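Q: What follows is the file target-v3.cif, containing mmCIF, C-alpha atoms and all ligand atoms:
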```cif
data_my_file
#
loop_
_atom_site.label_atom_id
_atom_site.label_comp_id
_atom_site.auth_asym_id
_atom_site.auth_seq_id
_atom_site.Cartn_x
_atom_site.Cartn_y
_atom_site.Cartn_z
CA MET V 1 -143.45 -44.28 -68.10
CA THR V 2 -141.34 -42.77 -65.35
CA GLU V 3 -137.99 -41.14 -66.04
CA VAL V 4 -136.16 -44.05 -64.40
CA GLU V 5 -137.81 -46.48 -66.75
CA ALA V 6 -137.25 -44.22 -69.70
CA ASN V 7 -133.53 -43.95 -69.00
CA GLY V 8 -133.24 -47.59 -68.22
CA ASP V 9 -130.20 -46.94 -66.07
CA GLY V 10 -131.74 -45.89 -62.81
CA GLU V 11 -130.86 -42.24 -63.36
CA ALA V 12 -133.73 -40.95 -61.31
CA GLY V 13 -134.28 -37.25 -60.91
CA VAL V 14 -132.14 -36.46 -63.94
CA PRO V 15 -134.19 -34.59 -66.51
CA PRO V 16 -133.43 -35.17 -70.18
CA PRO V 17 -131.42 -32.47 -71.94
CA LYS V 18 -133.54 -29.56 -73.05
CA SER V 19 -134.04 -29.56 -76.78
CA GLU V 20 -132.33 -26.77 -78.68
CA THR V 21 -135.61 -25.84 -80.31
CA GLN V 22 -137.85 -26.39 -77.32
CA ASP V 23 -138.09 -22.76 -76.25
CA SER V 24 -138.43 -21.36 -79.71
CA THR V 25 -141.15 -18.93 -80.59
CA GLU V 26 -139.86 -18.13 -84.07
CA ASN V 27 -140.44 -20.25 -87.13
CA ASN V 28 -140.94 -17.49 -89.64
CA GLY V 29 -144.56 -18.45 -90.05
CA ASN V 30 -143.61 -21.72 -91.71
CA SER V 31 -144.98 -24.47 -89.53
CA SER V 32 -143.37 -27.32 -91.54
CA GLU V 33 -139.81 -26.06 -90.93
CA PRO V 34 -138.25 -26.69 -87.54
CA ALA V 35 -137.70 -23.40 -85.73
CA VAL V 36 -134.28 -22.51 -84.39
CA SER V 37 -134.43 -20.57 -81.19
CA LYS V 38 -132.46 -17.40 -80.52
CA SER V 39 -130.58 -19.11 -77.72
CA ALA V 40 -129.61 -22.02 -80.00
CA LEU V 41 -128.28 -19.56 -82.58
CA LYS V 42 -126.36 -17.70 -79.88
CA LYS V 43 -124.93 -20.98 -78.65
CA GLN V 44 -123.87 -21.91 -82.17
CA ALA V 45 -122.18 -18.54 -82.66
CA ARG V 46 -120.36 -18.92 -79.34
CA GLN V 47 -119.19 -22.40 -80.33
CA GLN V 48 -117.87 -21.02 -83.63
CA ARG V 49 -116.08 -18.17 -81.87
CA TRP V 50 -114.54 -20.63 -79.43
CA GLU V 51 -113.36 -22.91 -82.24
CA ALA V 52 -111.82 -19.99 -84.15
CA LYS V 53 -110.02 -18.86 -81.01
CA LYS V 54 -108.79 -22.39 -80.39
CA ALA V 55 -107.38 -22.66 -83.92
CA GLU V 56 -105.69 -19.28 -83.47
CA LYS V 57 -104.12 -20.38 -80.19
CA LYS V 58 -102.92 -23.64 -81.76
CA ALA V 59 -101.24 -21.81 -84.61
CA ALA V 60 -99.59 -19.37 -82.19
CA ALA V 61 -98.30 -22.26 -80.05
CA LYS V 62 -96.89 -23.97 -83.15
CA GLU V 63 -95.10 -20.80 -84.17
CA GLN V 64 -93.76 -20.35 -80.64
CA LYS V 65 -92.43 -23.91 -80.62
CA LYS V 66 -90.70 -23.35 -83.95
CA LYS V 67 -89.03 -20.20 -82.62
CA GLU V 68 -87.95 -21.99 -79.46
CA THR V 69 -86.36 -24.84 -81.44
CA GLU V 70 -84.54 -22.32 -83.60
CA ARG V 71 -83.35 -20.40 -80.51
CA LYS V 72 -82.01 -23.60 -78.94
CA ARG V 73 -80.26 -24.59 -82.17
CA LYS V 74 -78.53 -21.21 -82.36
CA GLU V 75 -77.57 -21.37 -78.69
CA TRP V 76 -76.03 -24.80 -79.25
CA GLU V 77 -74.09 -23.62 -82.28
CA GLU V 78 -72.82 -20.60 -80.38
CA SER V 79 -71.65 -22.62 -77.40
CA LEU V 80 -69.92 -25.06 -79.75
CA ALA V 81 -68.21 -22.20 -81.56
CA SER V 82 -66.95 -20.79 -78.27
CA ILE V 83 -65.08 -24.01 -77.47
CA PRO V 84 -61.65 -24.77 -78.92
CA GLU V 85 -61.93 -27.31 -81.70
CA ASP V 86 -59.94 -30.06 -79.93
CA GLU V 87 -62.37 -29.95 -76.96
CA ARG V 88 -65.56 -30.07 -79.01
CA THR V 89 -65.85 -33.84 -79.27
CA LYS V 90 -65.51 -34.15 -75.51
CA PHE V 91 -68.12 -31.45 -74.99
CA ILE V 92 -70.59 -33.11 -77.38
CA GLU V 93 -70.06 -36.50 -75.71
CA SER V 94 -70.68 -35.05 -72.24
CA ARG V 95 -73.92 -33.46 -73.44
CA ILE V 96 -75.03 -36.73 -75.04
CA SER V 97 -74.33 -38.67 -71.87
CA LEU V 98 -76.19 -36.08 -69.74
CA ARG V 99 -79.18 -36.39 -72.03
CA LYS V 100 -79.03 -40.18 -71.85
CA GLU V 101 -78.94 -40.05 -68.06
CA ARG V 102 -81.98 -37.78 -67.97
CA MET V 103 -83.87 -40.07 -70.34
CA GLU V 104 -82.99 -43.11 -68.25
CA GLN V 105 -84.21 -41.31 -65.13
CA LYS V 106 -87.47 -40.46 -66.87
CA THR V 107 -87.93 -44.07 -68.00
CA LEU V 108 -87.30 -45.28 -64.44
CA GLU V 109 -89.90 -42.87 -63.08
CA LYS V 110 -92.39 -43.87 -65.76
CA ASN V 111 -91.91 -47.56 -65.03
CA SER V 112 -92.21 -47.05 -61.31
CA LYS V 113 -95.44 -45.11 -61.84
CA LYS V 114 -96.78 -47.92 -64.04
CA GLU V 115 -95.91 -50.43 -61.35
CA ARG V 116 -97.67 -48.42 -58.64
CA LEU V 117 -100.78 -47.97 -60.75
CA ASN V 118 -100.90 -51.65 -61.69
CA LYS V 119 -100.51 -52.60 -58.05
CA ALA V 120 -103.36 -50.22 -57.18
CA LYS V 121 -105.52 -52.15 -59.65
CA GLU V 122 -105.16 -55.18 -57.41
CA GLN V 123 -104.94 -53.67 -53.94
CA GLY V 124 -105.70 -49.95 -54.12
CA GLN V 125 -108.71 -48.03 -52.90
CA ASN V 126 -111.37 -48.07 -55.61
CA VAL V 127 -112.62 -44.61 -56.53
CA VAL V 128 -115.21 -44.14 -59.26
CA VAL V 129 -115.96 -40.96 -61.16
CA ASP V 130 -119.54 -41.22 -62.34
CA LEU V 131 -119.71 -39.69 -65.82
CA GLN V 132 -123.42 -39.97 -66.38
CA PHE V 133 -124.14 -36.28 -66.15
CA SER V 134 -122.77 -34.91 -69.40
CA HIS V 135 -126.26 -34.00 -70.67
CA LEU V 136 -126.58 -31.57 -67.75
CA MET V 137 -123.43 -29.62 -68.54
CA THR V 138 -122.51 -26.92 -71.03
CA PRO V 139 -119.64 -27.66 -73.44
CA SER V 140 -117.30 -25.55 -71.32
CA GLU V 141 -118.34 -27.40 -68.16
CA ILE V 142 -117.60 -30.70 -69.89
CA ARG V 143 -114.17 -29.39 -70.89
CA SER V 144 -113.58 -28.29 -67.32
CA LEU V 145 -114.54 -31.75 -66.07
CA VAL V 146 -112.13 -33.36 -68.56
CA GLN V 147 -109.37 -31.09 -67.21
CA GLN V 148 -110.24 -32.13 -63.68
CA ILE V 149 -110.07 -35.79 -64.66
CA MET V 150 -106.65 -35.24 -66.29
CA TYR V 151 -105.50 -33.57 -63.12
CA CYS V 152 -106.83 -36.42 -60.94
CA TYR V 153 -104.98 -38.97 -63.06
CA ALA V 154 -101.75 -36.96 -62.89
CA VAL V 155 -101.92 -36.51 -59.11
CA ASN V 156 -102.82 -40.16 -58.59
CA GLY V 157 -99.84 -41.24 -60.68
CA ARG V 158 -97.49 -39.29 -58.43
CA CYS V 159 -98.80 -40.86 -55.22
CA GLU V 160 -96.78 -43.49 -53.39
CA SER V 161 -100.04 -45.39 -52.80
CA PRO V 162 -102.34 -44.44 -55.64
CA ALA V 163 -106.03 -45.25 -55.76
CA HIS V 164 -107.54 -47.41 -58.46
CA LEU V 165 -109.52 -44.92 -60.51
CA TRP V 166 -112.62 -45.82 -62.48
CA LEU V 167 -114.42 -43.74 -65.07
CA THR V 168 -117.90 -45.16 -65.54
CA GLY V 169 -120.72 -44.19 -67.86
CA CYS V 170 -118.24 -43.01 -70.51
CA GLU V 171 -120.57 -42.34 -73.37
CA GLY V 172 -121.47 -39.71 -75.94
CA GLU V 173 -119.89 -36.28 -75.67
CA MET V 174 -117.99 -37.17 -72.50
CA ASP V 175 -116.41 -40.19 -74.16
CA ASP V 176 -115.53 -38.15 -77.27
CA GLN V 177 -113.80 -35.52 -75.13
CA LEU V 178 -111.89 -38.11 -73.08
CA LYS V 179 -110.63 -39.79 -76.24
CA LYS V 180 -109.13 -36.46 -77.31
CA ILE V 181 -106.74 -36.46 -74.31
CA PRO V 182 -103.26 -37.29 -75.63
CA GLY V 183 -102.25 -40.77 -74.40
CA PHE V 184 -105.65 -41.46 -72.84
CA ASP V 185 -105.73 -44.97 -74.34
CA LYS V 186 -102.64 -45.83 -72.27
CA TRP V 187 -104.00 -44.61 -68.95
CA ILE V 188 -103.97 -47.24 -66.23
CA ILE V 189 -107.55 -46.87 -65.07
CA GLU V 190 -110.79 -48.77 -65.35
CA LYS V 191 -112.77 -47.22 -68.16
CA GLU V 192 -116.34 -48.43 -68.44
CA ASN V 193 -119.01 -47.43 -70.90
CA LYS V 194 -121.61 -48.90 -68.59
CA PRO V 195 -122.87 -46.98 -65.56
CA TYR V 196 -121.28 -48.10 -62.25
CA ILE V 197 -124.55 -49.60 -61.10
CA GLU V 198 -124.30 -52.14 -63.95
CA ALA V 199 -120.53 -52.49 -64.13
CA LEU V 200 -120.31 -53.12 -60.38
CA GLN V 201 -123.66 -54.79 -59.83
CA ASP V 202 -122.15 -57.65 -57.83
CA ARG V 203 -120.59 -55.10 -55.45
CA LYS V 204 -123.72 -53.01 -54.90
CA ASP V 205 -123.48 -53.31 -51.10
CA ASP V 206 -119.98 -51.85 -51.18
CA LEU V 207 -120.89 -48.78 -53.22
CA VAL V 208 -120.78 -45.48 -51.33
CA TYR V 209 -121.78 -42.32 -53.19
CA LEU V 210 -119.87 -39.35 -51.82
CA THR V 211 -122.14 -36.36 -51.70
CA ALA V 212 -122.16 -33.17 -49.65
CA ASP V 213 -125.90 -33.71 -49.10
CA SER V 214 -125.55 -36.95 -47.16
CA GLU V 215 -126.42 -37.20 -43.46
CA THR V 216 -123.68 -39.77 -42.95
CA VAL V 217 -120.20 -38.50 -42.20
CA LEU V 218 -117.31 -40.41 -43.69
CA GLU V 219 -115.03 -41.29 -40.77
CA GLU V 220 -112.59 -43.67 -42.44
CA LEU V 221 -111.86 -45.08 -45.85
CA ASP V 222 -112.61 -48.77 -46.13
CA LEU V 223 -110.58 -50.69 -48.72
CA LYS V 224 -113.51 -53.01 -49.34
CA LYS V 225 -115.76 -50.11 -50.29
CA ILE V 226 -115.98 -48.35 -53.63
CA TYR V 227 -116.34 -44.59 -53.35
CA ILE V 228 -118.22 -42.79 -56.10
CA ILE V 229 -117.80 -39.13 -57.02
CA GLY V 230 -120.28 -37.30 -59.21
CA GLY V 231 -118.56 -36.28 -62.44
CA LEU V 232 -120.28 -32.95 -62.54
CA VAL V 233 -119.26 -29.33 -63.02
CA ASP V 234 -122.51 -27.52 -62.35
CA ARG V 235 -121.83 -24.58 -60.01
CA ASN V 236 -124.23 -26.58 -57.86
CA ARG V 237 -127.26 -25.66 -59.94
CA TRP V 238 -128.15 -29.39 -59.85
CA LYS V 239 -128.31 -29.29 -56.07
CA GLY V 240 -128.83 -32.69 -54.47
CA ILE V 241 -128.75 -34.61 -57.72
CA THR V 242 -126.17 -37.21 -56.63
CA MET V 243 -127.92 -37.75 -53.28
CA GLU V 244 -131.21 -38.36 -55.09
CA LYS V 245 -129.55 -40.73 -57.53
CA ALA V 246 -127.92 -42.79 -54.77
CA GLN V 247 -131.17 -42.95 -52.80
CA GLU V 248 -133.12 -44.10 -55.85
CA GLN V 249 -130.54 -46.79 -56.47
CA GLY V 250 -130.50 -47.86 -52.83
CA ILE V 251 -126.79 -47.38 -52.32
CA GLN V 252 -124.97 -45.89 -49.33
CA THR V 253 -123.96 -42.23 -49.21
CA ALA V 254 -121.47 -40.23 -47.16
CA LYS V 255 -120.12 -36.71 -46.95
CA LEU V 256 -116.56 -35.70 -46.21
CA PRO V 257 -116.07 -34.73 -42.54
CA ILE V 258 -115.19 -31.15 -43.46
CA SER V 259 -117.09 -29.40 -40.66
CA ASN V 260 -115.32 -31.53 -38.02
CA PHE V 261 -112.07 -29.84 -38.94
CA LEU V 262 -112.66 -26.49 -40.60
CA LYS V 263 -115.16 -23.80 -41.38
CA MET V 264 -115.82 -23.02 -44.99
CA SER V 265 -116.48 -19.50 -46.18
CA SER V 266 -119.02 -20.80 -48.67
CA SER V 267 -120.61 -24.18 -49.39
CA GLN V 268 -118.99 -27.51 -48.63
CA VAL V 269 -119.47 -28.69 -52.20
CA LEU V 270 -116.04 -29.33 -53.66
CA THR V 271 -114.87 -30.03 -57.18
CA VAL V 272 -114.19 -33.54 -58.45
CA ASN V 273 -110.42 -33.07 -58.40
CA GLN V 274 -110.48 -31.63 -54.89
CA VAL V 275 -112.42 -34.63 -53.60
CA VAL V 276 -110.08 -37.09 -55.35
CA GLU V 277 -107.04 -35.24 -53.98
CA ILE V 278 -108.46 -35.23 -50.45
CA LEU V 279 -109.04 -39.00 -50.65
CA LEU V 280 -105.49 -39.52 -51.96
CA LYS V 281 -104.02 -37.36 -49.21
CA PHE V 282 -106.07 -39.26 -46.64
CA ILE V 283 -104.81 -42.60 -48.01
CA GLU V 284 -101.29 -41.27 -47.50
CA THR V 285 -101.72 -39.60 -44.08
CA ARG V 286 -104.86 -41.14 -42.53
CA ASP V 287 -105.50 -37.64 -41.26
CA TRP V 288 -108.52 -35.66 -42.47
CA LYS V 289 -107.34 -32.32 -41.17
CA THR V 290 -104.03 -32.54 -43.00
CA SER V 291 -105.85 -33.66 -46.13
CA PHE V 292 -108.36 -30.80 -46.06
CA PHE V 293 -105.73 -28.17 -45.37
CA ALA V 294 -103.52 -29.51 -48.13
CA VAL V 295 -106.25 -29.42 -50.76
CA ILE V 296 -108.99 -26.90 -49.97
CA PRO V 297 -107.80 -23.46 -51.09
CA GLN V 298 -107.48 -20.78 -48.48
CA ARG V 299 -110.15 -18.54 -49.98
CA LYS V 300 -112.71 -21.33 -49.51
CA ARG V 301 -111.96 -21.56 -45.81
CA SER V 302 -113.18 -19.02 -43.30
CA GLN V 303 -110.59 -16.62 -41.86
CA ALA V 304 -110.20 -18.50 -38.57
CA ASP V 305 -109.24 -21.68 -40.36
CA SER V 306 -106.90 -20.15 -42.89
CA GLU V 307 -103.61 -21.83 -42.27
CA GLY V 308 -101.51 -24.34 -44.13
CA ASN V 309 -100.92 -24.85 -47.80
CA THR V 310 -102.24 -22.46 -50.41
CA ASP V 311 -100.11 -23.74 -53.20
CA ASN V 312 -102.49 -26.23 -54.71
CA ALA V 313 -103.82 -26.12 -58.24
CA VAL V 314 -107.53 -26.68 -58.41
CA VAL V 315 -110.25 -26.19 -60.91
CA GLU V 316 -112.61 -23.94 -59.10
CA GLU V 317 -116.26 -23.57 -59.86
CA GLU V 318 -117.81 -20.16 -59.80
CA ASP V 319 -121.00 -19.78 -57.82
CA GLU V 320 -124.47 -19.33 -59.17
CA GLU V 321 -124.35 -15.53 -58.97
CA GLU V 322 -121.09 -15.28 -60.90
CA ARG V 323 -122.43 -17.65 -63.50
CA GLU V 324 -125.49 -15.54 -64.10
CA GLN V 325 -123.37 -12.45 -64.65
CA ASN V 326 -121.24 -14.38 -67.01
CA ASP V 327 -123.58 -15.75 -69.63
CA ASP V 328 -120.96 -16.67 -72.20
CA PRO V 329 -119.72 -20.03 -70.95
CA LEU V 330 -117.70 -20.80 -74.03
CA THR V 331 -115.50 -17.75 -73.98
CA SER V 332 -115.41 -16.98 -70.29
CA LYS V 333 -112.22 -17.37 -68.31
CA LYS V 334 -114.18 -17.19 -65.07
CA GLN V 335 -115.58 -20.64 -65.79
CA CYS V 336 -112.29 -22.11 -64.82
CA VAL V 337 -111.02 -19.65 -62.28
CA GLU V 338 -107.68 -21.31 -61.86
CA GLU V 339 -106.32 -23.07 -64.89
CA ILE V 340 -104.35 -26.18 -64.06
CA PRO V 341 -100.71 -25.56 -64.98
CA SER V 342 -100.04 -27.57 -68.12
CA ASN V 343 -96.78 -29.01 -66.75
CA LYS V 344 -98.73 -30.53 -63.88
CA LEU V 345 -100.90 -32.33 -66.41
CA VAL V 346 -98.37 -33.40 -68.97
CA ASP V 347 -96.07 -35.31 -66.68
CA GLY V 348 -98.97 -37.34 -65.39
CA LEU V 349 -100.18 -38.52 -68.75
C1 LIG J 1 -119.06 -30.29 -58.09
S1 LIG J 1 -119.68 -31.54 -57.10
C2 LIG J 1 -121.25 -31.82 -57.81
C3 LIG J 1 -122.37 -31.21 -57.04
C4 LIG J 1 -123.70 -31.75 -57.45
N1 LIG J 1 -124.69 -30.70 -57.49
C5 LIG J 1 -124.17 -32.87 -56.55
O1 LIG J 1 -125.35 -32.90 -56.23
O2 LIG J 1 -123.36 -33.74 -56.20
C6 LIG J 1 -118.76 -32.95 -57.64
C7 LIG J 1 -118.85 -34.18 -56.78
O3 LIG J 1 -117.86 -34.14 -55.73
C8 LIG J 1 -118.31 -34.86 -54.61
N2 LIG J 1 -118.34 -33.93 -53.45
C9 LIG J 1 -118.21 -32.58 -53.48
N3 LIG J 1 -118.24 -32.08 -52.24
C10 LIG J 1 -118.37 -33.13 -51.40
C11 LIG J 1 -118.45 -33.26 -49.96
N4 LIG J 1 -118.39 -32.20 -49.17
N5 LIG J 1 -118.60 -34.51 -49.46
C12 LIG J 1 -118.65 -35.59 -50.26
N6 LIG J 1 -118.57 -35.52 -51.61
C13 LIG J 1 -118.44 -34.32 -52.16
C14 LIG J 1 -119.69 -35.37 -54.94
O4 LIG J 1 -119.57 -36.69 -55.39
C15 LIG J 1 -120.12 -34.45 -56.06
O5 LIG J 1 -121.07 -35.04 -56.89
#
```
Here is a file; write its structure as structure tokens.

A:
Amino acid sequence: MTEVEANGDGEAGVPPPKSETQDSTENNGNSSEPAVSKSALKKQARQQRWEAKKAEKKAAAKEQKKKETERKRKEWEESLASIPEDERTKFIESRISLRKERMEQKTLEKNSKKERLNKAKEQGQNVVVDLQFSHLMTPSEIRSLVQQIMYCYAVNGRCESPAHLWLTGCEGEMDDQLKKIPGFDKWIIEKENKPYIEALQDRKDDLVYLTADSETVLEELDLKKIYIIGGLVDRNRWKGITMEKAQEQGIQTAKLPISNFLKMSSSQVLTVNQVVEILLKFIETRDWKTSFFAVIPQRKRSQADSEGNTDNAVVEEEDEEEREQNDDPLTSKKQCVEEIPSNKLVDGL
């Protein structure tokens, strides 16, 4: 049976995950007991260290929050005490009304965002993130991808003309991680457990897989088309995997027209959130150059092309060489070179 048949979902060229015990040479001479490889044990230890660190961080954040609440309470009491008694009621009322105003403003913004996202469901550009690659990623790469997805959703929500985002192939570990995002169940997106090729089978002719390995250059965005982005954080070690997948499935492919507008200092393979942001910027401006300069960080462009915005938050992937030097993916900070500022995420959820 071929791999395509075995997977049953047309995921050609995608090898199954390597078994934890596959490369083991140690079973302590007992052939009936399954052997645990050194690398599996190392992985387990790393996972435990990461979990302990996470718990530590959580406790520290809780303590910090408690201190902050206490500080604010004291500050409030002090400012009240500094006001003559007959003016206190007025002062309290003005603070209450200010707070009410702010809350009303927030509600207005939230409702307007909901409206825009619901409208995009009907008339927006369809953009799919294909989540069928979780078995090819390390736990930290999956976490990085989840962060990128959170960032995409937040940025999309702030757009005047958002896209209609799809997450397809949400299964297993990927699905578990997505469900952990606070408020994820309220996101206005299309979440599909099925792969896009099944979920959108009646639109197969409109599917366009975006991949840096395509020969076709994307000139325009077509509202009738559905653009697919590979949900993969792989430091490009799975080179060409999305191109192969699209070819096997007989769907169109296209690459972003990066080289028409700028020179890159390294490869033209961008992260998921960068590609989504470029598409969103293009929807807004209909100008590729502006979109690339707004999203692609300066250090990724060659010197001659380094102009424009450098103030964007992206989740960068380290290259192959860096990854090899850094063999502890669970504890490494390099894995996610630039952390997305948490305020940028929270207000989009
Ligand atoms: C980190 S890349 C994954 C690279 C992966 N090795 C592959 O073969 O696609 C994430 C996704 O962003 C999209 N992408 C990245 N750079 C692109 C480019 N220059 N043109 C079109 N799509 C791109 C692709 O859909 C890609 O799968």

Q: Which residues are close to range 178-195 of chain V, i.e. within 6 Å by only C-alpha atoms, leaving aside same-chain residues fewer than 2 positions away? Reply as a PyMOL selection string.

A: chain V and resi 165-171+175-176+197-199

Q: Counting all atoms listed in the file, name the residues that have an atom within 10 Å of an atom of ligand LIG 1 (chain J); the answer should be given as a PyMOL selection string.

A: chain V and resi 128-130+133+145+208-214+216-218+227-245+253-259+267-276+316-317

Q: For range 120-124 of chain V, take all atoms listed in the file, fit an axis-aligned box around them, add 6 Å to each of the six sides, then output centre and edge lengths in Å rounded to one decimal, as AutoDock Vina command-line options.

A:
```
--center_x -104.5 --center_y -52.6 --center_z -56.8 --size_x 14.3 --size_y 17.2 --size_z 17.7
```

Q: Compile the contact shell of Ile142 in chain V as a short mmCIF file (atom, residue, chain, number, x, y, z; two decimals) with C-alpha atoms, keeping the file's coordinate frame: residues with an atom at most 8 Å away, counting all atoms listed in the file, same-chain residues fewer than 5 positions apart removed.

A:
```
data_model
loop_
_atom_site.label_atom_id
_atom_site.label_comp_id
_atom_site.auth_asym_id
_atom_site.auth_seq_id
_atom_site.Cartn_x
_atom_site.Cartn_y
_atom_site.Cartn_z
CA SER V 134 -122.77 -34.91 -69.40
CA MET V 137 -123.43 -29.62 -68.54
CA MET V 174 -117.99 -37.17 -72.50
CA VAL V 233 -119.26 -29.33 -63.02
#
```

Q: At what distance in Å, to one decimal, does CA of Gln201 in chain V lie from CA of Val155 in chain V?

A: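 CA of Val155 in chain V sits 28.4 Å away from CA of Gln201 in chain V.
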
Q: Take CA of Asp287 in chain V and CA of Asp222 in chain V and report the distance between them in Å, one decimal.

A: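 We find that CA of Asp287 in chain V and CA of Asp222 in chain V lie 14.1 Å from each other.
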
Q: What lies within 8 Å of range 158-163 of chain V using all atoms listed in the file, ignoring chain neighbours under 2 positions off, as a ChimeraX atom specification?

A: /V:113,116-117,120-121,124-127,154-156,165,280,283-284,348

Q: Return the single residue from V:Glu85, V:Asn111, V:Ser140, V:Val295 that is closest to Arg46 in chain V, with distances computed using all atoms listed in the file.

A: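 Among the listed residues, the smallest separation from Arg46 in chain V belongs to V:Ser140.
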
Q: Suppose you want the space between CA of Gln249 in chain V and CA of Lys204 in chain V; what is it in Å?

A: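 Result for CA of Gln249 in chain V versus CA of Lys204 in chain V: 9.4 Å, one decimal.
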
Q: Rank V:Tyr196, V:Phe261, V:Trp76, V:Phe293 by their smallest atom-to-atom distance to Leu131 in chain V, using all atoms listed in the file, and report the top residue only.

A: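 The answer is V:Tyr196, which sits nearest to Leu131 in chain V.
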
Q: Contacts of Leu262 in chain V at 8 Å or less, counting only C-alpha atoms, minus same-chain residues fewer than 2 places along, as a PDB file with C-alpha atoms, in the frame of the given file?

A:
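Written file, result.pdb:
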```pdb
ATOM      1  CA  ILE V 258    -115.190 -31.150 -43.460  1.00  0.00           C
ATOM      2  CA  SER V 259    -117.090 -29.400 -40.660  1.00  0.00           C
ATOM      3  CA  ASN V 260    -115.320 -31.530 -38.020  1.00  0.00           C
ATOM      4  CA  MET V 264    -115.820 -23.020 -44.990  1.00  0.00           C
ATOM      5  CA  LYS V 289    -107.340 -32.320 -41.170  1.00  0.00           C
ATOM      6  CA  ARG V 301    -111.960 -21.560 -45.810  1.00  0.00           C
ATOM      7  CA  SER V 302    -113.180 -19.020 -43.300  1.00  0.00           C
ATOM      8  CA  ASP V 305    -109.240 -21.680 -40.360  1.00  0.00           C
TER       9      ASP V 305
END
```

Q: Which residue, V:Ala60, V:Lys43, V:Ser79, V:Arg203, has the smallest gap to Arg95 in chain V when you use all atoms listed in the file?

A: V:Ser79
